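Structure file my_file27.txt with compact mmCIF, C-alpha atoms and all ligand atoms:
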```txt
# COMPACT_ATOMS: atom_id res chain seq x y z
CA MET F 16 19.87 -6.55 69.98
CA ASN F 17 20.36 -5.21 66.45
CA LYS F 18 17.45 -6.08 64.17
CA TYR F 19 19.71 -6.39 61.14
CA LYS F 20 23.15 -5.59 59.85
CA LYS F 21 24.32 -4.29 56.48
CA ILE F 22 26.42 -6.71 54.44
CA VAL F 23 29.32 -4.68 53.07
CA ASN F 24 31.62 -7.46 51.80
CA CYS F 25 30.99 -10.19 49.25
CA ARG F 26 30.08 -13.30 51.23
CA LEU F 27 32.21 -15.45 48.91
CA CYS F 28 35.30 -13.42 47.93
CA ASN F 29 35.20 -10.65 50.55
CA SER F 30 35.38 -7.82 47.99
CA LYS F 31 33.69 -4.53 48.92
CA ASN F 32 32.87 -3.81 45.29
CA LEU F 33 29.09 -4.46 45.36
CA ILE F 34 26.49 -2.95 43.04
CA ASP F 35 22.66 -2.82 43.28
CA ILE F 36 20.68 -5.23 41.10
CA ILE F 37 17.10 -5.03 42.35
CA SER F 38 15.22 -3.48 45.25
CA PHE F 39 11.74 -4.32 46.58
CA ASN F 40 11.90 -1.55 49.20
CA LYS F 41 10.77 -2.70 52.64
CA LEU F 42 8.91 -5.92 53.37
CA PRO F 43 8.00 -7.92 56.47
CA LEU F 44 9.69 -11.29 56.99
CA GLY F 45 7.74 -13.73 54.83
CA ASN F 46 7.58 -16.25 57.66
CA ASP F 47 6.34 -13.80 60.26
CA TYR F 48 2.82 -15.27 60.48
CA GLN F 49 0.94 -13.63 63.32
CA LYS F 50 -1.87 -14.85 65.55
CA ASN F 51 -3.80 -11.65 65.11
CA LYS F 52 -4.69 -9.58 62.09
CA ILE F 53 -3.64 -6.16 63.42
CA LYS F 54 -0.23 -7.50 64.47
CA ALA F 55 0.16 -9.07 61.02
CA ILE F 56 -0.59 -5.80 59.26
CA LYS F 57 1.87 -4.01 61.55
CA ALA F 58 4.59 -6.69 61.18
CA ILE F 59 8.05 -5.13 61.24
CA LYS F 60 9.58 -4.48 57.80
CA PHE F 61 13.13 -4.80 56.54
CA PRO F 62 14.79 -3.65 53.30
CA LEU F 63 14.87 -6.31 50.57
CA LYS F 64 17.57 -5.63 48.00
CA VAL F 65 19.92 -7.81 45.93
CA LYS F 66 23.48 -6.75 45.13
CA GLN F 67 26.12 -8.25 42.88
CA CYS F 68 29.83 -8.50 43.56
CA LYS F 69 31.77 -6.95 40.71
CA ASN F 70 34.81 -9.02 41.56
CA CYS F 71 33.38 -12.58 41.48
CA ASN F 72 29.81 -11.96 40.16
CA HIS F 73 28.12 -13.48 43.23
CA PHE F 74 24.63 -12.19 44.13
CA GLN F 75 23.58 -11.54 47.71
CA LEU F 76 21.20 -9.52 49.92
CA SER F 77 22.20 -6.07 51.14
CA ILE F 78 21.34 -6.88 54.76
CA SER F 79 21.25 -9.83 57.12
CA VAL F 80 18.32 -9.92 59.55
CA ASN F 81 19.31 -11.05 63.05
CA PRO F 82 18.83 -14.87 62.97
CA ASN F 83 17.18 -14.70 66.41
CA ILE F 84 14.40 -12.66 64.83
CA LEU F 85 14.38 -14.52 61.52
CA TYR F 86 14.18 -18.15 62.67
CA LYS F 87 13.44 -18.49 66.31
CA THR F 88 10.01 -16.87 66.53
CA ASN F 89 7.39 -17.96 64.03
CA TYR F 90 9.45 -20.19 61.74
CA THR F 91 7.15 -22.91 60.47
CA TYR F 92 8.68 -24.24 57.26
CA LEU F 93 8.47 -28.04 57.02
CA SER F 94 10.16 -29.86 54.17
CA GLY F 95 8.18 -33.09 54.60
CA ILE F 96 4.86 -31.59 53.62
CA GLY F 97 4.81 -31.82 49.82
CA LYS F 98 5.00 -35.03 47.81
CA THR F 99 7.44 -33.29 45.45
CA PHE F 100 10.01 -33.09 48.24
CA VAL F 101 9.55 -36.68 49.34
CA ASP F 102 10.06 -37.83 45.72
CA HIS F 103 13.06 -35.55 45.43
CA PHE F 104 14.79 -37.11 48.43
CA ASN F 105 14.03 -40.61 47.12
CA SER F 106 15.85 -39.87 43.89
CA TYR F 107 18.55 -37.96 45.78
CA TYR F 108 19.31 -41.05 47.87
CA LYS F 109 19.68 -43.23 44.77
CA TRP F 110 21.87 -40.60 43.10
CA ILE F 111 24.20 -40.23 46.08
CA LYS F 112 24.55 -44.02 46.48
CA ASN F 113 25.63 -44.13 42.87
CA LYS F 114 28.10 -41.24 43.05
CA THR F 115 29.76 -41.96 46.41
CA ASN F 116 30.99 -45.01 48.29
CA ILE F 117 28.86 -44.68 51.44
CA LYS F 118 28.43 -47.97 53.25
CA LYS F 119 26.23 -49.43 55.94
CA LYS F 120 28.21 -48.00 58.87
CA SER F 121 28.76 -44.63 57.18
CA LEU F 122 27.79 -41.53 59.13
CA ILE F 123 25.55 -39.10 57.22
CA VAL F 124 25.06 -35.62 58.70
CA ASP F 125 22.43 -33.25 57.33
CA VAL F 126 23.03 -29.54 57.93
CA GLY F 127 19.72 -27.72 58.33
CA SER F 128 17.93 -31.06 58.47
CA ASN F 129 14.50 -29.52 59.19
CA ASP F 130 11.96 -32.29 59.97
CA GLY F 131 14.34 -35.07 58.87
CA SER F 132 12.73 -35.57 55.44
CA CYS F 133 16.10 -36.15 53.77
CA LEU F 134 17.67 -38.28 56.50
CA GLU F 135 14.59 -40.48 56.55
CA LYS F 136 15.83 -41.95 53.25
CA PHE F 137 19.22 -42.79 54.82
CA LYS F 138 17.91 -43.98 58.22
CA ASN F 139 17.88 -47.81 58.73
CA LYS F 140 20.59 -48.12 56.03
CA HIS F 141 23.26 -45.82 57.54
CA ILE F 142 23.94 -43.87 60.73
CA VAL F 143 22.23 -40.49 60.51
CA CYS F 144 22.37 -37.24 62.44
CA GLY F 145 20.64 -33.92 61.80
CA VAL F 146 21.37 -30.38 62.97
CA ASP F 147 18.84 -27.55 62.73
CA PRO F 148 18.14 -24.36 64.72
CA ALA F 149 14.32 -24.38 64.32
CA LYS F 150 12.45 -25.92 67.25
CA ILE F 151 9.25 -27.32 65.69
CA PRO F 152 10.90 -29.26 62.83
CA VAL F 153 13.58 -30.62 65.19
CA GLN F 154 10.90 -31.96 67.54
CA LEU F 155 9.19 -33.66 64.60
CA ALA F 156 12.47 -35.23 63.42
CA ASN F 157 13.33 -36.59 66.88
CA LYS F 158 9.81 -38.02 67.14
CA LYS F 159 10.59 -39.94 63.94
CA LYS F 160 13.72 -41.28 65.72
CA ILE F 161 16.09 -39.25 63.57
CA PHE F 162 18.66 -37.95 66.05
CA THR F 163 18.63 -34.19 65.54
CA ILE F 164 20.52 -31.52 67.45
CA LEU F 165 18.68 -28.25 68.02
CA SER F 166 21.45 -25.81 67.15
CA ASP F 167 23.14 -23.75 64.48
CA PHE F 168 25.83 -25.69 62.68
CA ASN F 169 28.58 -24.30 64.92
CA GLN F 170 31.71 -25.76 66.50
CA LYS F 171 29.75 -26.90 69.53
CA ALA F 172 27.36 -28.97 67.37
CA VAL F 173 30.32 -30.45 65.48
CA LYS F 174 31.93 -31.43 68.79
CA ILE F 175 28.74 -33.20 69.93
CA ILE F 176 28.69 -35.22 66.69
CA LEU F 177 32.42 -36.03 66.83
CA ASN F 178 32.10 -37.25 70.43
CA LYS F 179 29.02 -39.35 69.72
CA TYR F 180 29.87 -40.82 66.28
CA GLY F 181 33.31 -39.68 65.08
CA LYS F 182 33.95 -38.11 61.66
CA ALA F 183 31.33 -38.07 58.91
CA ASP F 184 31.44 -39.94 55.58
CA LEU F 185 28.90 -37.64 53.97
CA VAL F 186 27.65 -34.20 54.90
CA THR F 187 24.55 -33.16 53.04
CA SER F 188 22.47 -30.00 52.95
CA HIS F 189 19.39 -28.90 51.02
CA ASN F 190 18.42 -25.31 50.39
CA VAL F 191 20.00 -24.22 53.64
CA LEU F 192 23.47 -22.83 52.99
CA ALA F 193 22.15 -19.63 51.41
CA HIS F 194 20.32 -18.98 54.69
CA ILE F 195 23.35 -19.03 56.94
CA ASP F 196 24.69 -15.75 58.29
CA LYS F 197 28.16 -17.06 59.22
CA ASN F 198 28.72 -18.95 55.96
CA ASN F 199 32.53 -19.06 56.17
CA GLU F 200 32.34 -20.71 59.56
CA VAL F 201 29.79 -23.30 58.40
CA PHE F 202 31.92 -24.44 55.43
CA GLU F 203 34.92 -24.72 57.75
CA ASN F 204 32.88 -26.71 60.28
CA ILE F 205 31.74 -29.08 57.52
CA TYR F 206 35.38 -29.55 56.49
CA ASP F 207 36.38 -30.34 60.08
CA LEU F 208 33.56 -32.82 60.53
CA LEU F 209 34.42 -34.80 57.36
CA LYS F 210 36.85 -37.71 57.06
CA PHE F 211 39.51 -37.40 54.37
CA ASP F 212 37.89 -38.71 51.18
CA GLY F 213 34.52 -37.91 52.79
CA TYR F 214 31.84 -36.29 50.63
CA PHE F 215 29.96 -33.05 50.94
CA CYS F 216 26.90 -32.70 48.75
CA PHE F 217 24.58 -29.72 48.84
CA GLU F 218 21.76 -28.08 46.97
CA VAL F 219 21.12 -24.36 46.80
CA GLY F 220 18.72 -22.30 44.70
CA TYR F 221 20.16 -21.73 41.22
CA PHE F 222 19.96 -18.00 40.59
CA LEU F 223 20.42 -18.22 36.84
CA ASN F 224 16.99 -19.89 36.65
CA VAL F 225 15.56 -17.10 38.75
CA LEU F 226 17.06 -14.49 36.43
CA LYS F 227 16.06 -16.27 33.24
CA ASP F 228 12.42 -16.92 34.27
CA ASN F 229 11.89 -13.79 36.42
CA LEU F 230 11.20 -15.93 39.50
CA PHE F 231 11.83 -12.98 41.78
CA ASP F 232 9.72 -14.43 44.60
CA THR F 233 12.58 -16.72 45.66
CA ILE F 234 14.19 -13.51 46.90
CA TYR F 235 13.41 -13.08 50.57
CA HIS F 236 15.13 -12.24 53.82
CA GLU F 237 16.03 -15.82 54.68
CA HIS F 238 18.03 -16.17 51.46
CA LEU F 239 21.26 -14.24 51.89
CA ASP F 240 22.96 -15.75 48.81
CA TYR F 241 21.75 -16.26 45.22
CA HIS F 242 24.18 -18.75 43.78
CA HIS F 243 25.61 -19.73 40.48
CA ALA F 244 28.49 -22.12 39.88
CA ILE F 245 31.33 -19.78 38.85
CA PRO F 246 31.76 -17.79 42.11
CA LEU F 247 30.62 -20.67 44.31
CA THR F 248 33.19 -23.15 43.01
CA LYS F 249 36.00 -20.60 43.47
CA PHE F 250 34.86 -20.24 47.07
CA LEU F 251 34.73 -24.03 47.59
CA ILE F 252 38.28 -24.49 46.31
CA LYS F 253 39.37 -21.75 48.73
CA LYS F 254 37.67 -23.76 51.48
CA LYS F 255 39.77 -26.79 50.39
CA PHE F 256 37.00 -28.90 48.80
CA SER F 257 37.47 -30.76 45.51
CA ILE F 258 34.53 -30.42 43.14
CA LEU F 259 33.41 -33.70 41.60
CA ASN F 260 30.08 -33.02 40.00
CA ILE F 261 27.69 -30.12 39.33
CA SER F 262 24.11 -30.54 38.14
CA THR F 263 20.79 -28.74 38.25
CA ASN F 264 17.30 -29.95 39.14
CA LYS F 265 13.79 -28.55 39.33
CA ILE F 266 13.28 -28.54 43.08
CA GLN F 267 12.37 -25.19 44.69
CA GLY F 268 12.01 -23.44 41.34
CA GLY F 269 15.46 -24.66 40.23
CA SER F 270 18.42 -25.83 42.29
CA LEU F 271 22.12 -26.35 41.83
CA ARG F 272 23.58 -29.59 43.24
CA ILE F 273 27.29 -29.68 43.95
CA LEU F 274 29.16 -32.80 45.02
CA CYS F 275 32.47 -32.11 46.77
CA LYS F 276 35.13 -34.24 48.38
CA LYS F 277 37.69 -33.56 51.10
CA GLU F 278 41.00 -34.32 49.42
CA ILE F 279 44.62 -33.43 50.17
CA SER F 280 44.98 -31.30 47.06
CA PRO F 281 41.62 -29.80 46.07
CA LYS F 282 40.79 -29.70 42.38
CA ILE F 283 37.90 -29.37 39.94
CA TYR F 284 37.06 -32.61 38.11
CA ASN F 285 36.19 -32.67 34.38
CA GLN F 286 32.40 -32.88 34.62
CA ALA F 287 32.31 -29.87 36.98
CA LEU F 288 34.73 -27.95 34.79
CA ASN F 289 32.46 -28.47 31.77
CA PHE F 290 29.50 -27.18 33.74
CA ILE F 291 31.42 -24.06 34.76
CA ASN F 292 32.59 -23.44 31.18
CA ASN F 293 29.02 -23.70 29.90
CA GLU F 294 27.84 -21.29 32.57
CA LYS F 295 30.41 -18.77 31.39
CA LYS F 296 28.55 -18.59 28.06
CA VAL F 297 25.25 -17.61 29.72
CA ILE F 298 24.26 -13.92 29.70
CA TYR F 299 21.93 -13.83 32.72
CA PHE F 300 24.46 -12.63 35.25
CA LYS F 301 25.87 -10.00 32.96
CA ARG F 302 25.13 -6.28 33.07
CA LYS F 303 23.43 -6.23 29.67
CA PHE F 304 20.74 -8.59 30.92
CA LEU F 305 20.49 -7.29 34.49
CA ASP F 306 19.96 -3.64 33.57
CA ASN F 307 16.27 -4.09 32.80
CA TRP F 308 15.56 -7.12 34.94
CA GLN F 309 13.30 -5.22 37.34
CA GLU F 310 11.16 -4.13 34.39
CA LYS F 311 10.89 -7.70 33.08
CA ILE F 312 9.77 -8.91 36.49
CA GLN F 313 7.12 -6.24 36.75
CA ASN F 314 5.71 -6.92 33.29
CA ASN F 315 5.39 -10.57 34.21
CA ILE F 316 3.75 -10.25 37.64
CA PHE F 317 1.46 -7.33 36.77
CA LYS F 318 -0.50 -9.86 34.68
CA LEU F 319 -1.66 -11.41 37.95
CA GLY F 320 -2.60 -8.06 39.55
CA ASP F 321 -4.30 -6.73 36.41
CA TYR F 322 -6.40 -9.85 36.04
CA VAL F 323 -7.47 -10.05 39.69
CA ASN F 324 -8.21 -6.32 39.92
CA SER F 325 -10.35 -6.50 36.77
CA LEU F 326 -12.76 -9.04 38.30
CA ASN F 327 -15.95 -7.72 39.84
CA ASN F 328 -16.35 -7.79 43.61
CA GLU F 329 -18.79 -10.69 43.61
CA ASN F 330 -16.01 -13.10 42.69
CA ILE F 331 -14.63 -14.98 45.67
CA ILE F 332 -10.86 -15.03 45.31
CA ILE F 333 -8.70 -17.13 47.60
CA GLY F 334 -5.09 -18.28 47.71
CA TYR F 335 -3.59 -21.74 48.07
CA GLY F 336 -0.38 -22.05 50.05
CA ALA F 337 1.16 -19.39 52.26
CA PRO F 338 4.87 -19.89 51.59
CA THR F 339 7.41 -17.23 52.57
CA LYS F 340 7.25 -15.87 49.04
CA SER F 341 3.52 -15.11 49.12
CA SER F 342 3.90 -11.68 50.77
CA LEU F 343 6.29 -10.48 48.06
CA LEU F 344 4.12 -11.94 45.28
CA ILE F 345 1.03 -10.12 46.53
CA LYS F 346 2.93 -6.86 46.98
CA MET F 347 4.60 -6.96 43.57
CA SER F 348 1.46 -7.91 41.65
CA LYS F 349 -0.37 -4.89 43.15
CA ILE F 350 -3.51 -6.90 43.92
CA LYS F 351 -5.93 -4.54 45.69
CA ASN F 352 -6.25 -4.84 49.45
CA ASN F 353 -9.00 -7.16 50.71
CA ARG F 354 -9.48 -8.82 47.30
CA ILE F 355 -8.08 -12.13 48.57
CA SER F 356 -10.43 -13.34 51.28
CA LEU F 357 -8.26 -16.09 52.71
CA ILE F 358 -5.48 -18.57 52.00
CA LEU F 359 -5.75 -22.36 52.21
CA GLU F 360 -2.77 -24.13 53.74
CA ASP F 361 -1.76 -27.73 54.50
CA ASN F 362 0.85 -26.85 57.14
CA LYS F 363 -1.02 -26.89 60.47
CA PHE F 364 1.52 -24.55 62.06
CA LYS F 365 0.50 -21.78 59.68
CA VAL F 366 -3.23 -22.39 59.94
CA ASN F 367 -5.30 -19.80 61.87
CA ARG F 368 -2.50 -17.28 61.54
CA PHE F 369 -2.40 -14.15 59.42
CA LEU F 370 -0.07 -13.30 56.55
CA PRO F 371 2.34 -10.48 57.42
CA ASN F 372 1.67 -7.12 55.75
CA THR F 373 -1.75 -7.93 54.22
CA GLY F 374 -3.23 -9.68 57.28
CA ILE F 375 -4.94 -12.32 55.11
CA LYS F 376 -6.19 -15.22 57.23
CA ILE F 377 -4.73 -18.70 56.67
CA VAL F 378 -7.22 -21.58 57.03
CA PRO F 379 -7.04 -25.40 56.71
CA THR F 380 -7.40 -26.66 53.13
CA ALA F 381 -10.55 -28.66 54.00
CA LYS F 382 -12.44 -25.36 54.48
CA ILE F 383 -12.59 -25.07 50.71
CA THR F 384 -15.89 -26.95 50.62
CA GLN F 385 -17.60 -24.22 52.68
CA ILE F 386 -16.28 -21.41 50.50
CA ASN F 387 -16.97 -22.33 46.88
CA PRO F 388 -14.36 -19.97 45.45
CA ASP F 389 -14.49 -18.54 41.91
CA ILE F 390 -10.74 -18.10 41.71
CA ILE F 391 -7.86 -19.85 43.48
CA ILE F 392 -4.38 -18.33 43.15
CA ILE F 393 -1.66 -20.87 43.82
CA PHE F 394 0.98 -18.91 45.73
CA ALA F 395 3.03 -22.06 46.31
CA TRP F 396 3.26 -22.27 42.51
CA ASN F 397 6.38 -24.46 42.56
CA PHE F 398 4.12 -27.18 44.01
CA SER F 399 1.24 -26.57 41.57
CA LYS F 400 1.30 -30.16 40.37
CA ASP F 401 0.73 -31.55 43.89
CA ILE F 402 -1.83 -28.86 44.67
CA LEU F 403 -3.91 -29.46 41.53
CA ILE F 404 -4.14 -33.16 42.41
CA LYS F 405 -5.33 -32.25 45.92
CA LEU F 406 -7.87 -29.75 44.60
CA LYS F 407 -9.39 -32.29 42.22
CA ASN F 408 -10.43 -34.35 45.25
CA TYR F 409 -12.80 -31.60 46.37
CA ASP F 410 -16.16 -31.13 44.75
CA ILE F 411 -15.84 -27.50 43.67
CA LYS F 412 -17.61 -26.20 40.61
CA ASN F 413 -16.83 -23.45 38.11
CA CYS F 414 -13.59 -22.51 39.74
CA LYS F 415 -10.60 -21.09 37.90
CA ILE F 416 -7.07 -21.73 39.06
CA ILE F 417 -4.30 -19.18 38.59
CA ILE F 418 -0.67 -20.21 38.50
CA PRO F 419 1.19 -16.86 38.69
CA LEU F 420 4.74 -17.97 37.79
CA PRO F 421 6.92 -18.83 35.85
CA LYS F 422 4.28 -17.85 33.24
CA PHE F 423 0.88 -16.45 34.24
CA LYS F 424 -1.64 -19.19 33.53
CA ILE F 425 -5.41 -19.57 34.13
CA ILE F 426 -6.79 -23.10 34.09
CA LYS F 427 -10.18 -24.66 34.79
CA LEU F 428 -10.32 -27.23 37.52
ZN ZN J 1 32.69 -11.67 45.33
```
Serialized structure, structure tokens:
Amino acid sequence: MNKYKKIVNCRLCNSKNLIDIISFNKLPLGNDYQKNKIKAIKAIKFPLKVKQCKNCNHFQLSISVNPNILYKTNYTYLSGIGKTFVDHFNSYYKWIKNKTNIKKKSLIVDVGSNDGSCLEKFKNKHIVCGVDPAKIPVQLANKKKIFTILSDFNQKAVKIILNKYGKADLVTSHNVLAHIDKNNEVFENIYDLLKFDGYFCFEVGYFLNVLKDNLFDTIYHEHLDYHHAIPLTKFLIKKKFSILNISTNKIQGGSLRILCKKEISPKIYNQALNFINNEKKVIYFKRKFLDNWQEKIQNNIFKLGDYVNSLNNENIIIGYGAPTKSSLLIKMSKIKNNRISLILEDNKFKVNRFLPNTGIKIVPTAKITQINPDIIIIFAWNFSKDILIKLKNYDIKNCKIIIPLPKFKIIKL
């Protein structure tokens, strides 16, 4: 079994004309939480590098880690854990009801449905079906009575759905499509599953936000693509989807939402066209901006490392949240080894495991009362709002909270 393969063609337009944008050298898989510290420190590392296609401007990783290694071992990401996500899906449901004509008997299929957090909003009102290759979240979804197939979104999964329910009225997907190795196949499978006039709505990380705000920690091995609208919409038209609407939102550090429709002659509707034309005016995906992007990132994140390393050793420094991005954040900030004593985490599947590379132990959030930390670094900074509310419920005194990104910030609890 090959551990990874090099990606030599653009994943959207197939061009071989790819240039380097940024390299983080080698890193372990951010989700490779281990049950023992030594194993965590020795976790296998893979190159982490972003390239840009000179033909269509799309950004993507230089390699694709074998999905059997990437997802099927220690994958513990659960979308239902933060309140931010639950709120997001509430407003998503209202939005989609408004923009489409889904009815009571409509079939809604979620690609990469995780623990069913999105479909939960559609359940009871429509027919729902999820598909996801990760075992733990699929078990949780089925427990919630959200029918979920444990599989990649391949032809076999499509066949199961077609036999059980027929064609779909809406296919939805949230922060998943950039993860998929065989992306061409998945878009074709979605097309096949949809009725004519059926809708396809998806959200992916919006890379222009990442570039603008130096949010480099959304770059990790699971994310093969770093999207913006111009190359993506060209690709969608090639895959025979009409593009109805494009918008952005704040979820996951900034996402792009694209609403498509399966129509006989695919076209780009006015609202979407305006969005694309506005994007063309932005400089962030142009050479002039990208040339010193690595430097900008470093200047930003070194503030975290410099501050933490300047504190004397008596200070107890801990982390909050062990998302995939935390390994890269710690590495890039150059925080000295052993300075972070542990990381608090709400996801029970990560608790009592060790962070790859650094071997920092992950403990349940409630342990905070026994620690009395001086400093808490919020690694899951995109959920800072939720986390600060949780922290205020604990009686901890004289503790400073660090939010490392988008702008380094120290606040008193
Ligand atoms: Zn391309």
Point to revise | Contacts of F:Ile386 within 12 Å, all atoms listed in the file, excl. fewer than 4 positions in-chain, as a list in words | key: Asn330, Ile331, Ile332, Ile333, Gly334, Ser356, Leu357, Ile358, Leu359, Val378, Pro379, Thr380, Ala381, Lys382, Ile390, Ile391, Tyr409, Asp410, Ile411, Lys412 and Cys414 of chain F
**Study point:** Env. residues ligand ZN 1 (chain J) / 6 Å / only C-alpha atoms and all ligand atoms / as a ChimeraX atom specification
**Key:** /F:25,27-30,68,70-73
Check your understanding: How many Å lie between atom CA of F:Ala58 and atom CA of F:Ile78, rounded to one decimal?
Key ->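 Separation between atom CA of F:Ala58 and atom CA of F:Ile78: 17.9 Å.
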**Study point:** For atom CA of F:Ile345 and atom CA of F:Ile417, the interatomic separation in Å (one decimal)
**Key:** 13.2 Å
Review point. Need the neighbours of (21.0, -38.6, 62.4): which residues are at most 6 Å away, counting only C-alpha atoms, as a PyMOL selection string?
Key: chain F and resi 143-145+161-163
Would you mind exporting the chosen residues as a PDB file, keeping the file's coordinate frame, restricted to C-alpha atoms?
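part21.pdb, written as the output of this step:
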```pdb
ATOM      1  CA  VAL F 143      22.230 -40.490  60.510  1.00  0.00           C
ATOM      2  CA  CYS F 144      22.370 -37.240  62.440  1.00  0.00           C
ATOM      3  CA  GLY F 145      20.640 -33.920  61.800  1.00  0.00           C
ATOM      4  CA  ILE F 161      16.090 -39.250  63.570  1.00  0.00           C
ATOM      5  CA  PHE F 162      18.660 -37.950  66.050  1.00  0.00           C
ATOM      6  CA  THR F 163      18.630 -34.190  65.540  1.00  0.00           C
TER       7      THR F 163
END
```
